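**Student:** Sharing a structure below in structure tokens format, with a few things to ask.
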Amino acid sequence: MAAILKDLMPGDVSTYGEIAMEAGFPGQSRSVGRFLKNSDGYPWWRVVNHKGRLVPGMEPLQSRLLKSEGVQTTNGHVIGLSNRPSIVHGNRDLRHQL
């Protein structure tokens with residue numbers, strides 16, 4: 001999981017579920033959230049829920065960080081998240097930058 005999170009580049013956005021699936025733990029999206037909450041040095045702001053929702057209570061900071069990387073947000077959500085392909089097994093060509 002750590003390697004997948006470290007691989008997220010500026011402008012990349014993924015969901016907790018996509019990270020869990022790519023790490024070999026399908027259905028364990030909450031584990032990704034716990035990992036990010038309890039670990040420093042990982043780009044937590046690049047991970048959102050399956051609806052594109054930003055981290056509750058952290059929306060202003062997460063929005064600023066994403067916007068600094070060119071990702072648009074509005075009303076606590078990433079714009080266009082549902083219109084992009086998922087990350088699949090770390091294949092950089094399949095990762096969509098919003």
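Within each chain, counting starts at residue 1; across the structure tokens, chains are named A, B, ... in the order shown, with ligands numbered 1 upward in that order.
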Within 12 Å of Asn49 of chain A, counting only C-alpha atoms, which residues qualify if same-chain residues fewer than 5 places away don't, as a PyMOL selection string?
**Tutor:** chain A and resi 13-20+29-30+32-33+44+54-56+76-78+81-82
**Student:** Please provide as a VMD selection string all residues within 9 Å of segment 70-73 of chain A, with the sequence filter that same-chain residues fewer than 6 positions apart are discarded (counting only C-alpha atoms).
**Tutor:** chain A and resid 10 to 13 54 63 to 64 79 to 80 97 to 98
**Student:** May I ask which of the residues A:Arg46, A:Met21, A:Gly41, A:Met1 is the closest one to Leu61 of chain A, counting only C-alpha atoms?
**Tutor:** A:Arg46
**Student:** Give me, please, the distance in Å between atom CA of Phe25 of chain A and atom CA of Ala2 of chain A, quoted to one decimal.
**Tutor:** 12.7 Å
**Student:** Please determine, counting only C-alpha atoms, which residue among A:Gly57, A:Ile4, A:Gln62, A:Gln28 has the shortest atom-to-atom distance to Thr74 of chain A.
**Tutor:**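 Among the listed residues, the smallest separation from Thr74 of chain A belongs to A:Gln62.
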**Student:** Enumerate, as a ChimeraX atom specification, the complete set of residues in chain A that a backbone-based DSSP assignment places in helix (DSSP H, G or I).
**Tutor:** /A:2-7,16-22,29-38,44-46,59-68,81-83,92-94
